[in-house]
$ cat final-v1.txt   # compact mmCIF, C-alpha atoms
# COMPACT_ATOMS: atom_id res chain seq x y z
CA MET A 1 43.57 -24.18 -1.99
CA GLY A 2 42.24 -24.09 1.54
CA PHE A 3 42.43 -20.29 1.65
CA GLY A 4 40.48 -20.04 -1.62
CA LEU A 5 37.74 -22.35 -0.32
CA ALA A 6 37.39 -20.33 2.90
CA GLU A 7 37.23 -17.11 0.92
CA GLU A 8 34.54 -18.61 -1.36
CA LEU A 9 32.44 -19.69 1.63
CA GLU A 10 32.80 -16.24 3.18
CA LYS A 11 31.67 -14.56 -0.04
CA LYS A 12 28.70 -16.92 -0.25
CA THR A 13 27.71 -16.02 3.29
CA VAL A 14 27.90 -12.30 2.54
CA TYR A 15 25.89 -12.86 -0.63
CA GLU A 16 23.20 -14.74 1.30
CA GLN A 17 23.05 -11.95 3.86
CA LYS A 18 22.45 -9.42 1.10
CA ILE A 19 19.77 -11.60 -0.46
CA PHE A 20 18.05 -11.95 2.91
CA LEU A 21 18.14 -8.19 3.47
CA HIS A 22 16.78 -7.62 -0.04
CA THR A 23 13.92 -10.03 0.71
CA LEU A 24 13.31 -8.27 4.02
CA LEU A 25 13.01 -4.96 2.17
CA ASP A 26 10.51 -6.63 -0.17
CA VAL A 27 8.40 -7.50 2.87
CA GLY A 28 8.54 -3.91 4.12
CA GLU A 29 7.75 -2.48 0.69
CA VAL A 30 4.69 -4.68 0.21
CA MET A 31 3.46 -3.78 3.68
CA LEU A 32 3.88 -0.04 3.09
CA ALA A 33 2.30 -0.23 -0.35
CA ASN A 34 -0.78 -1.96 1.06
CA GLY A 35 -1.63 0.29 3.98
CA ALA A 36 0.50 -0.85 6.92
CA GLU A 37 1.50 1.70 9.53
CA ILE A 38 5.19 2.55 9.99
CA LYS A 39 5.55 0.93 13.42
CA ARG A 40 4.21 -2.36 12.15
CA VAL A 41 6.60 -2.37 9.19
CA GLU A 42 9.64 -1.65 11.34
CA ASP A 43 8.67 -4.17 14.02
CA THR A 44 8.08 -6.96 11.47
CA MET A 45 11.42 -6.39 9.76
CA GLU A 46 13.25 -6.22 13.10
CA ARG A 47 11.74 -9.47 14.38
CA MET A 48 12.49 -11.33 11.15
CA GLY A 49 16.07 -10.03 11.18
CA ARG A 50 16.64 -11.26 14.72
CA ALA A 51 15.14 -14.63 13.80
CA TYR A 52 17.68 -14.83 10.96
CA GLY A 53 20.48 -14.42 13.50
CA ALA A 54 21.20 -10.70 13.64
CA SER A 55 22.40 -9.36 16.96
CA ARG A 56 20.87 -5.97 16.23
CA MET A 57 18.49 -4.53 13.65
CA ASN A 58 18.28 -0.80 12.89
CA VAL A 59 15.22 -0.13 10.73
CA PHE A 60 14.09 3.32 9.69
CA SER A 61 11.06 3.85 7.51
CA ILE A 62 8.86 6.68 6.29
CA ILE A 63 6.05 6.55 3.76
CA SER A 64 8.39 6.40 0.74
CA PHE A 65 11.71 5.12 2.07
CA ILE A 66 13.12 2.19 4.06
CA MET A 67 16.66 1.87 5.39
CA VAL A 68 17.84 -1.15 7.36
CA THR A 69 21.21 -2.09 8.88
CA MET A 70 21.69 -5.66 10.07
CA SER A 71 24.46 -6.24 12.62
CA LEU A 72 25.71 -9.83 12.87
CA PRO A 73 27.30 -11.56 15.88
CA ASP A 74 30.70 -11.68 14.14
CA GLY A 75 30.77 -7.88 13.84
CA GLN A 76 29.72 -7.60 10.20
CA GLU A 77 27.12 -5.03 9.23
CA VAL A 78 25.00 -5.06 6.09
CA THR A 79 23.00 -2.00 5.03
CA GLN A 80 20.45 -1.62 2.26
CA THR A 81 17.92 1.06 1.37
CA ARG A 82 14.74 1.01 -0.69
CA ARG A 83 12.83 3.87 -2.33
CA ILE A 84 9.10 3.15 -2.34
CA LEU A 85 7.67 4.46 -5.60
CA LYS A 86 4.23 2.85 -5.54
CA PRO A 87 1.59 5.04 -3.84
CA ALA A 88 0.10 3.52 -0.72
CA GLY A 89 -3.03 1.47 -1.29
CA THR A 90 -5.03 -0.90 0.89
CA ASP A 91 -4.94 -4.69 0.74
CA PHE A 92 -5.52 -6.22 4.15
CA GLU A 93 -5.41 -9.75 2.72
CA LYS A 94 -1.77 -9.31 1.69
CA LEU A 95 -0.96 -7.72 5.05
CA GLU A 96 -2.50 -10.70 6.83
CA GLU A 97 -0.54 -13.15 4.67
CA LEU A 98 2.71 -11.29 5.38
CA ASN A 99 1.87 -11.26 9.07
CA ARG A 100 1.38 -15.04 9.06
CA LEU A 101 4.62 -15.50 7.11
CA SER A 102 6.62 -13.35 9.53
CA ARG A 103 5.25 -15.22 12.55
CA ARG A 104 6.01 -18.56 10.91
CA TYR A 105 9.54 -17.42 10.05
CA CYS A 106 10.22 -16.12 13.55
CA SER A 107 9.05 -19.38 15.18
CA GLN A 108 10.80 -21.65 12.68
CA PRO A 109 13.22 -19.87 10.29
CA MET A 110 13.24 -21.22 6.74
CA SER A 111 15.87 -21.01 4.04
CA ILE A 112 16.41 -17.72 2.24
CA GLU A 113 15.24 -19.26 -1.04
CA GLU A 114 12.01 -20.47 0.55
CA LEU A 115 11.39 -17.13 2.24
CA HIS A 116 12.01 -15.27 -1.02
CA GLY A 117 9.61 -17.59 -2.83
CA GLU A 118 6.88 -17.06 -0.23
CA VAL A 119 7.23 -13.27 -0.43
CA GLU A 120 7.10 -13.32 -4.24
CA LYS A 121 4.00 -15.52 -4.09
CA ILE A 122 2.25 -13.01 -1.81
CA LYS A 123 3.27 -10.09 -4.03
CA ALA A 124 1.85 -11.79 -7.12
CA ASP A 125 -1.34 -13.06 -5.45
CA ASN A 126 -4.18 -11.13 -7.12
CA ARG A 127 -6.75 -13.95 -7.21
CA HIS A 128 -9.63 -12.02 -5.70
CA GLU A 129 -8.48 -8.49 -6.50
CA LEU A 130 -10.61 -8.00 -9.62
CA VAL A 131 -13.91 -9.26 -8.18
CA CYS A 132 -13.43 -7.71 -4.74
CA SER A 133 -12.32 -4.37 -6.20
CA TYR A 134 -15.30 -3.90 -8.50
CA LEU A 135 -17.97 -5.51 -6.34
CA GLY A 136 -16.73 -3.89 -3.15
CA SER A 137 -16.50 -0.45 -4.75
CA MET A 138 -20.03 -0.74 -6.14
CA LEU A 139 -21.44 -1.74 -2.76
CA ILE A 140 -19.56 1.03 -0.94
CA ALA A 141 -20.59 3.76 -3.39
CA ALA A 142 -24.24 2.66 -3.48
CA GLY A 143 -24.38 2.21 0.29
CA PHE A 144 -23.03 5.66 1.11
CA ALA A 145 -25.24 7.34 -1.49
CA VAL A 146 -28.34 5.82 0.09
CA PHE A 147 -27.04 6.30 3.64
CA PHE A 148 -26.70 10.05 3.15
CA GLY A 149 -30.28 10.41 1.96
CA GLY A 150 -30.20 9.35 -1.67
CA SER A 151 -32.75 7.14 -3.37
CA VAL A 152 -32.23 3.62 -4.66
CA TRP A 153 -31.70 5.09 -8.14
CA ASP A 154 -29.00 7.36 -6.74
CA GLY A 155 -27.32 4.31 -5.29
CA LEU A 156 -27.44 2.46 -8.61
CA VAL A 157 -25.98 5.42 -10.52
CA SER A 158 -23.29 5.82 -7.88
CA ALA A 159 -22.46 2.10 -8.22
CA ALA A 160 -22.19 2.49 -12.00
CA PHE A 161 -19.68 5.32 -11.66
CA ALA A 162 -17.80 3.24 -9.09
CA VAL A 163 -16.98 0.89 -11.99
CA LEU A 164 -15.52 3.87 -13.88
CA ILE A 165 -13.36 4.79 -10.89
CA CYS A 166 -12.13 1.18 -10.61
CA LEU A 167 -11.21 1.18 -14.29
CA LEU A 168 -9.26 4.39 -13.79
CA GLN A 169 -7.49 2.89 -10.78
CA ARG A 170 -6.47 -0.16 -12.78
CA HIS A 171 -5.37 1.56 -15.99
CA LEU A 172 -4.65 5.21 -15.22
CA ASP A 173 -2.85 4.63 -11.93
CA ALA A 174 0.08 3.06 -13.78
CA PHE A 175 0.73 6.35 -15.58
CA CYS A 176 0.25 8.55 -12.48
CA THR A 177 2.93 7.75 -9.95
CA ASN A 178 1.77 10.88 -8.16
CA ARG A 179 -1.51 10.08 -6.36
CA LEU A 180 -2.30 13.80 -6.24
CA VAL A 181 -2.52 13.99 -10.04
CA PHE A 182 -4.51 10.75 -10.21
CA ASN A 183 -7.06 12.01 -7.70
CA VAL A 184 -7.60 15.23 -9.65
CA ILE A 185 -8.07 13.40 -12.96
CA ALA A 186 -10.25 10.61 -11.54
CA SER A 187 -12.50 12.94 -9.55
CA PHE A 188 -12.85 15.31 -12.50
CA LEU A 189 -13.82 12.57 -14.97
CA ALA A 190 -16.23 10.95 -12.52
CA GLY A 191 -17.65 14.35 -11.60
CA VAL A 192 -18.25 15.31 -15.24
CA GLY A 193 -20.06 12.01 -15.86
CA ILE A 194 -22.23 12.36 -12.76
CA CYS A 195 -23.13 15.97 -13.55
CA LEU A 196 -24.11 15.10 -17.13
CA VAL A 197 -26.30 12.18 -16.02
CA THR A 198 -28.07 14.15 -13.29
CA LYS A 199 -28.52 17.11 -15.64
CA TYR A 200 -30.47 15.13 -18.24
CA VAL A 201 -32.11 12.49 -16.03
CA PRO A 202 -34.71 13.98 -13.68
CA GLY A 203 -35.16 12.72 -10.13
CA LEU A 204 -31.49 12.04 -9.38
CA ASN A 205 -29.61 13.76 -6.57
CA GLN A 206 -26.23 14.93 -7.81
CA ASP A 207 -24.79 15.57 -4.37
CA LYS A 208 -25.73 12.13 -3.00
CA ILE A 209 -24.20 10.33 -5.99
CA ILE A 210 -20.99 12.34 -5.67
CA ILE A 211 -20.82 11.58 -1.94
CA GLY A 212 -21.10 7.86 -2.66
CA ASP A 213 -18.31 7.88 -5.23
CA ILE A 214 -15.99 10.25 -3.42
CA MET A 215 -15.85 7.73 -0.56
CA LEU A 216 -13.90 5.42 -2.85
CA LEU A 217 -11.10 7.97 -3.18
CA ILE A 218 -11.02 9.54 0.28
CA PRO A 219 -7.67 8.61 1.96
CA GLY A 220 -9.26 7.35 5.18
CA ILE A 221 -6.67 4.65 5.91
CA ALA A 222 -3.78 7.06 5.29
CA LEU A 223 -5.33 9.63 7.62
CA THR A 224 -5.94 7.04 10.35
CA ASN A 225 -2.41 5.64 10.03
CA SER A 226 -0.94 9.15 10.28
CA ILE A 227 -2.60 9.67 13.66
CA LYS A 228 -1.50 6.21 14.84
CA ASP A 229 2.09 6.89 13.75
CA MET A 230 2.20 10.13 15.71
CA LEU A 231 0.65 8.52 18.81
CA VAL A 232 3.30 5.76 18.91
CA GLY A 233 6.18 8.21 18.47
CA ASP A 234 6.81 8.13 14.71
CA THR A 235 6.10 11.85 14.47
CA LEU A 236 7.96 12.47 11.21
CA SER A 237 6.19 9.65 9.37
CA GLY A 238 2.85 10.65 10.86
CA VAL A 239 3.18 14.28 9.81
CA LEU A 240 4.28 13.32 6.29
CA ARG A 241 1.38 10.90 5.92
CA LEU A 242 -1.06 13.47 7.31
CA ILE A 243 0.10 16.15 4.86
CA GLU A 244 -0.12 13.63 2.02
CA ALA A 245 -3.67 12.60 3.00
CA LEU A 246 -4.82 16.23 3.22
CA LEU A 247 -3.33 16.97 -0.21
CA TRP A 248 -5.11 13.94 -1.67
CA ALA A 249 -8.40 15.10 -0.16
CA GLY A 250 -7.84 18.60 -1.52
CA ALA A 251 -7.18 17.17 -4.98
CA LEU A 252 -10.49 15.30 -4.85
CA ALA A 253 -12.34 18.46 -3.92
CA CYS A 254 -10.70 20.41 -6.75
CA GLY A 255 -11.54 17.72 -9.30
CA PHE A 256 -15.22 17.49 -8.38
CA MET A 257 -15.58 21.26 -8.04
CA ALA A 258 -14.07 21.79 -11.48
CA ALA A 259 -16.45 19.23 -12.96
CA ILE A 260 -19.48 20.84 -11.33
CA GLY A 261 -18.37 24.29 -12.43
CA ILE A 262 -17.86 23.27 -16.06
CA VAL A 263 -21.02 21.18 -16.55
CA THR A 264 -23.47 23.25 -14.55
$ encode --input "final-v1.txt" --output "structure tokens"
Amino acid sequence: MGFGLAEELEKKTVYEQKIFLHTLLDVGEVMLANGAEIKRVEDTMERMGRAYGASRMNVFSIISFIMVTMSLPDGQEVTQTRRILKPAGTDFEKLEELNRLSRRYCSQPMSIEELHGEVEKIKADNRHELVCSYLGSMLIAAGFAVFFGGSVWDGLVSAAFAVLICLLQRHLDAFCTNRLVFNVIASFLAGVGICLVTKYVPGLNQDKIIIGDIMLLIPGIALTNSIKDMLVGDTLSGVLRLIEALLWAGALACGFMAAIGIVT
């Protein structure tokens, strides 16, 4: 009877450790999927693991993969891996919320159930995503079109096609797990629309409108993070992210060039 109870408690402890590690991987996945650099992901997971009670945390991450081994004071080791399928995006609000959660957990650890609930709440928090996505994209596209020498009308047309790009990001992105394919399709469709409008509406500058809209798809954060990763010693992750960013940029160029070649 006593042996069975001890065994049950031991199994429960192991189960809780696995649940904690699974939640920790959720934190890393959300951070990677929303634009965090590799060093920040690894450091956050390591600090939270030590706050949980681990004597050592071995975290390895690249742009599409996370592996973590948690060593406990009693000699046990728990290892889990996670394949990151969602292409990297940018959501600094979620990164800030996860940063606050990790600091709060490290200063005063909470139960695994509470931590899991907080992470799930952050993952599902899309309160301002719709408004910020459309309004922000319109302002960015219009601003860059005017900044590079376009007229106010160029800015308005660029803002209108920014709505199209946002719609593609919301509905087409789910069917294109490969960001390379998405960038080709999105840039081609937007390019065809811009070329048709500027062809039949006099006074518009095709190049300025395209510049405004291409800024929405340029992988600037990915390129910046790749340099940061290499500077802090994560050379492999930095090189992979750099190659990925250059391929995305090349896909954008191919899509717009194909549109211009077909329409004009």
$ residues_around --input "final-v1.txt" --residues "Met230 (chain A)" --least-positions-apart "6" --cutoff "10 Å" --atoms "only C-alpha atoms" --output "list in words"
Ile38, Leu236, Ser237, Gly238, Val239, Arg241 and Leu242 of chain A
$ residues_around --input "final-v1.txt" --residues "Gly220 (chain A)" --least-positions-apart "4" --cutoff "12 Å" --atoms "all atoms listed in the file" --output "PyMOL selection string"
chain A and resi 35+88-90+214-216+224-227+241-242+244-246+248-249
$ closest_residue --input "final-v1.txt" --among "A:Ile210, A:Ile243, A:Val181, A:Leu196" --to "Leu223 (chain A)" --atoms "all atoms listed in the file"
A:Ile243
$ residues_around --input "final-v1.txt" --residues "region 201-205 of chain A" --least-positions-apart "6" --cutoff "8 Å" --atoms "all atoms listed in the file" --output "ChimeraX atom specification"
/A:150-151,153-154
$ closest_residue --input "final-v1.txt" --among "A:Ile165, A:Ala222, A:Gln76, A:Phe20" --to "Leu240 (chain A)" --atoms "all atoms listed in the file"
A:Ala222
$ residues_around --input "final-v1.txt" --residues "Val146 (chain A)" --least-positions-apart "4" --cutoff "10 Å" --atoms "only C-alpha atoms" --output "ChimeraX atom specification"
/A:141-142,150-156,158,208-209,211-212
$ closest_residue --input "final-v1.txt" --among "A:Val78, A:Arg104, A:Ile260, A:Ile62" --to "Thr198 (chain A)" --atoms "only C-alpha atoms"
A:Ile260
$ residues_around --input "final-v1.txt" --residues "Glu113 (chain A)" --least-positions-apart "5" --cutoff "10 Å" --atoms "all atoms listed in the file" --output "PDB file with C-alpha atoms, in the coordinates of the input"
ATOM      1  CA  GLU A  16      23.200 -14.740   1.300  1.00  0.00           C
ATOM      2  CA  ILE A  19      19.770 -11.600  -0.460  1.00  0.00           C
ATOM      3  CA  PHE A  20      18.050 -11.950   2.910  1.00  0.00           C
ATOM      4  CA  THR A  23      13.920 -10.030   0.710  1.00  0.00           C
ATOM      5  CA  GLU A 118       6.880 -17.060  -0.230  1.00  0.00           C
TER       6      GLU A 118
END
$ atom_distance --input "final-v1.txt" --atom1 "CA of Leu98 (chain A)" --atom2 "CA of Met31 (chain A)"
7.7 Å
$ atom_distance --input "final-v1.txt" --atom1 "CA of Cys106 (chain A)" --atom2 "CA of Phe60 (chain A)"
20.2 Å
$ closest_residue --input "final-v1.txt" --among "A:Cys176, A:Leu115, A:Ala159, A:Ala36" --to "Lys94 (chain A)" --atoms "all atoms listed in the file"
A:Ala36
$ closest_residue --input "final-v1.txt" --among "A:Ile221, A:Met48, A:Val157, A:Leu139" --to "Met110 (chain A)" --atoms "all atoms listed in the file"
A:Met48
$ build_atoms --input "final-v1.txt" --residues "region 35-58 of chain A" --atoms "N, CA, C and O atoms" --output "PDB file, in the frame of the given file"
ATOM      1  N   GLY A  35      -0.916  -0.379   2.904  1.00  0.00           N
ATOM      2  CA  GLY A  35      -1.630   0.290   3.980  1.00  0.00           C
ATOM      3  C   GLY A  35      -1.150   0.037   5.389  1.00  0.00           C
ATOM      4  O   GLY A  35      -1.830   0.432   6.341  1.00  0.00           O
ATOM      5  N   ALA A  36       0.001  -0.599   5.570  1.00  0.00           N
ATOM      6  CA  ALA A  36       0.500  -0.850   6.920  1.00  0.00           C
ATOM      7  C   ALA A  36       1.064   0.419   7.543  1.00  0.00           C
ATOM      8  O   ALA A  36       1.632   1.264   6.846  1.00  0.00           O
ATOM      9  N   GLU A  37       0.914   0.554   8.852  1.00  0.00           N
ATOM     10  CA  GLU A  37       1.500   1.700   9.530  1.00  0.00           C
ATOM     11  C   GLU A  37       2.998   1.489   9.723  1.00  0.00           C
ATOM     12  O   GLU A  37       3.491   0.352   9.683  1.00  0.00           O
ATOM     13  N   ILE A  38       3.722   2.583   9.933  1.00  0.00           N
ATOM     14  CA  ILE A  38       5.190   2.550   9.990  1.00  0.00           C
ATOM     15  C   ILE A  38       5.689   1.636  11.109  1.00  0.00           C
ATOM     16  O   ILE A  38       6.618   0.845  10.908  1.00  0.00           O
ATOM     17  N   LYS A  39       5.091   1.725  12.274  1.00  0.00           N
ATOM     18  CA  LYS A  39       5.550   0.930  13.420  1.00  0.00           C
ATOM     19  C   LYS A  39       5.452  -0.558  13.134  1.00  0.00           C
ATOM     20  O   LYS A  39       6.342  -1.343  13.514  1.00  0.00           O
ATOM     21  N   ARG A  40       4.396  -0.952  12.455  1.00  0.00           N
ATOM     22  CA  ARG A  40       4.210  -2.360  12.150  1.00  0.00           C
ATOM     23  C   ARG A  40       5.272  -2.834  11.147  1.00  0.00           C
ATOM     24  O   ARG A  40       5.797  -3.940  11.269  1.00  0.00           O
ATOM     25  N   VAL A  41       5.585  -2.013  10.182  1.00  0.00           N
ATOM     26  CA  VAL A  41       6.600  -2.370   9.190  1.00  0.00           C
ATOM     27  C   VAL A  41       7.953  -2.549   9.868  1.00  0.00           C
ATOM     28  O   VAL A  41       8.650  -3.555   9.654  1.00  0.00           O
ATOM     29  N   GLU A  42       8.343  -1.583  10.679  1.00  0.00           N
ATOM     30  CA  GLU A  42       9.640  -1.650  11.340  1.00  0.00           C
ATOM     31  C   GLU A  42       9.727  -2.827  12.299  1.00  0.00           C
ATOM     32  O   GLU A  42      10.752  -3.514  12.369  1.00  0.00           O
ATOM     33  N   ASP A  43       8.663  -3.078  13.044  1.00  0.00           N
ATOM     34  CA  ASP A  43       8.670  -4.170  14.020  1.00  0.00           C
ATOM     35  C   ASP A  43       8.765  -5.528  13.323  1.00  0.00           C
ATOM     36  O   ASP A  43       9.505  -6.417  13.774  1.00  0.00           O
ATOM     37  N   THR A  44       8.039  -5.701  12.211  1.00  0.00           N
ATOM     38  CA  THR A  44       8.080  -6.960  11.470  1.00  0.00           C
ATOM     39  C   THR A  44       9.472  -7.230  10.930  1.00  0.00           C
ATOM     40  O   THR A  44      10.006  -8.346  11.055  1.00  0.00           O
ATOM     41  N   MET A  45      10.087  -6.210  10.326  1.00  0.00           N
ATOM     42  CA  MET A  45      11.420  -6.390   9.760  1.00  0.00           C
ATOM     43  C   MET A  45      12.452  -6.660  10.858  1.00  0.00           C
ATOM     44  O   MET A  45      13.372  -7.475  10.678  1.00  0.00           O
ATOM     45  N   GLU A  46      12.313  -6.004  11.999  1.00  0.00           N
ATOM     46  CA  GLU A  46      13.250  -6.220  13.100  1.00  0.00           C
ATOM     47  C   GLU A  46      13.146  -7.635  13.648  1.00  0.00           C
ATOM     48  O   GLU A  46      14.158  -8.305  13.885  1.00  0.00           O
ATOM     49  N   ARG A  47      11.930  -8.120  13.838  1.00  0.00           N
ATOM     50  CA  ARG A  47      11.740  -9.470  14.380  1.00  0.00           C
ATOM     51  C   ARG A  47      12.275 -10.539  13.418  1.00  0.00           C
ATOM     52  O   ARG A  47      12.909 -11.518  13.851  1.00  0.00           O
ATOM     53  N   MET A  48      12.015 -10.351  12.129  1.00  0.00           N
ATOM     54  CA  MET A  48      12.490 -11.330  11.150  1.00  0.00           C
ATOM     55  C   MET A  48      14.016 -11.315  11.064  1.00  0.00           C
ATOM     56  O   MET A  48      14.655 -12.358  10.892  1.00  0.00           O
ATOM     57  N   GLY A  49      14.611 -10.123  11.189  1.00  0.00           N
ATOM     58  CA  GLY A  49      16.070 -10.030  11.180  1.00  0.00           C
ATOM     59  C   GLY A  49      16.700 -10.731  12.362  1.00  0.00           C
ATOM     60  O   GLY A  49      17.720 -11.422  12.229  1.00  0.00           O
ATOM     61  N   ARG A  50      16.111 -10.582  13.522  1.00  0.00           N
ATOM     62  CA  ARG A  50      16.640 -11.260  14.720  1.00  0.00           C
ATOM     63  C   ARG A  50      16.467 -12.780  14.595  1.00  0.00           C
ATOM     64  O   ARG A  50      17.312 -13.546  15.066  1.00  0.00           O
ATOM     65  N   ALA A  51      15.350 -13.199  13.990  1.00  0.00           N
ATOM     66  CA  ALA A  51      15.140 -14.630  13.800  1.00  0.00           C
ATOM     67  C   ALA A  51      16.180 -15.214  12.842  1.00  0.00           C
ATOM     68  O   ALA A  51      16.559 -16.381  12.956  1.00  0.00           O
ATOM     69  N   TYR A  52      16.649 -14.390  11.899  1.00  0.00           N
ATOM     70  CA  TYR A  52      17.680 -14.830  10.960  1.00  0.00           C
ATOM     71  C   TYR A  52      19.023 -15.034  11.663  1.00  0.00           C
ATOM     72  O   TYR A  52      19.831 -15.865  11.248  1.00  0.00           O
ATOM     73  N   GLY A  53      19.240 -14.286  12.759  1.00  0.00           N
ATOM     74  CA  GLY A  53      20.480 -14.420  13.500  1.00  0.00           C
ATOM     75  C   GLY A  53      21.190 -13.116  13.763  1.00  0.00           C
ATOM     76  O   GLY A  53      22.306 -13.109  14.290  1.00  0.00           O
ATOM     77  N   ALA A  54      20.578 -12.001  13.419  1.00  0.00           N
ATOM     78  CA  ALA A  54      21.200 -10.700  13.640  1.00  0.00           C
ATOM     79  C   ALA A  54      21.227 -10.372  15.124  1.00  0.00           C
ATOM     80  O   ALA A  54      20.293 -10.681  15.862  1.00  0.00           O
ATOM     81  N   SER A  55      22.312  -9.772  15.556  1.00  0.00           N
ATOM     82  CA  SER A  55      22.400  -9.360  16.960  1.00  0.00           C
ATOM     83  C   SER A  55      21.696  -8.031  17.191  1.00  0.00           C
ATOM     84  O   SER A  55      21.265  -7.732  18.308  1.00  0.00           O
ATOM     85  N   ARG A  56      21.564  -7.251  16.111  1.00  0.00           N
ATOM     86  CA  ARG A  56      20.870  -5.970  16.230  1.00  0.00           C
ATOM     87  C   ARG A  56      20.317  -5.567  14.865  1.00  0.00           C
ATOM     88  O   ARG A  56      20.963  -5.771  13.845  1.00  0.00           O
ATOM     89  N   MET A  57      19.116  -5.006  14.880  1.00  0.00           N
ATOM     90  CA  MET A  57      18.490  -4.530  13.650  1.00  0.00           C
ATOM     91  C   MET A  57      18.137  -3.053  13.822  1.00  0.00           C
ATOM     92  O   MET A  57      17.468  -2.669  14.781  1.00  0.00           O
ATOM     93  N   ASN A  58      18.620  -2.223  12.897  1.00  0.00           N
ATOM     94  CA  ASN A  58      18.280  -0.800  12.890  1.00  0.00           C
ATOM     95  C   ASN A  58      17.440  -0.531  11.636  1.00  0.00           C
ATOM     96  O   ASN A  58      17.966  -0.552  10.524  1.00  0.00           O
TER      97      ASN A  58
END
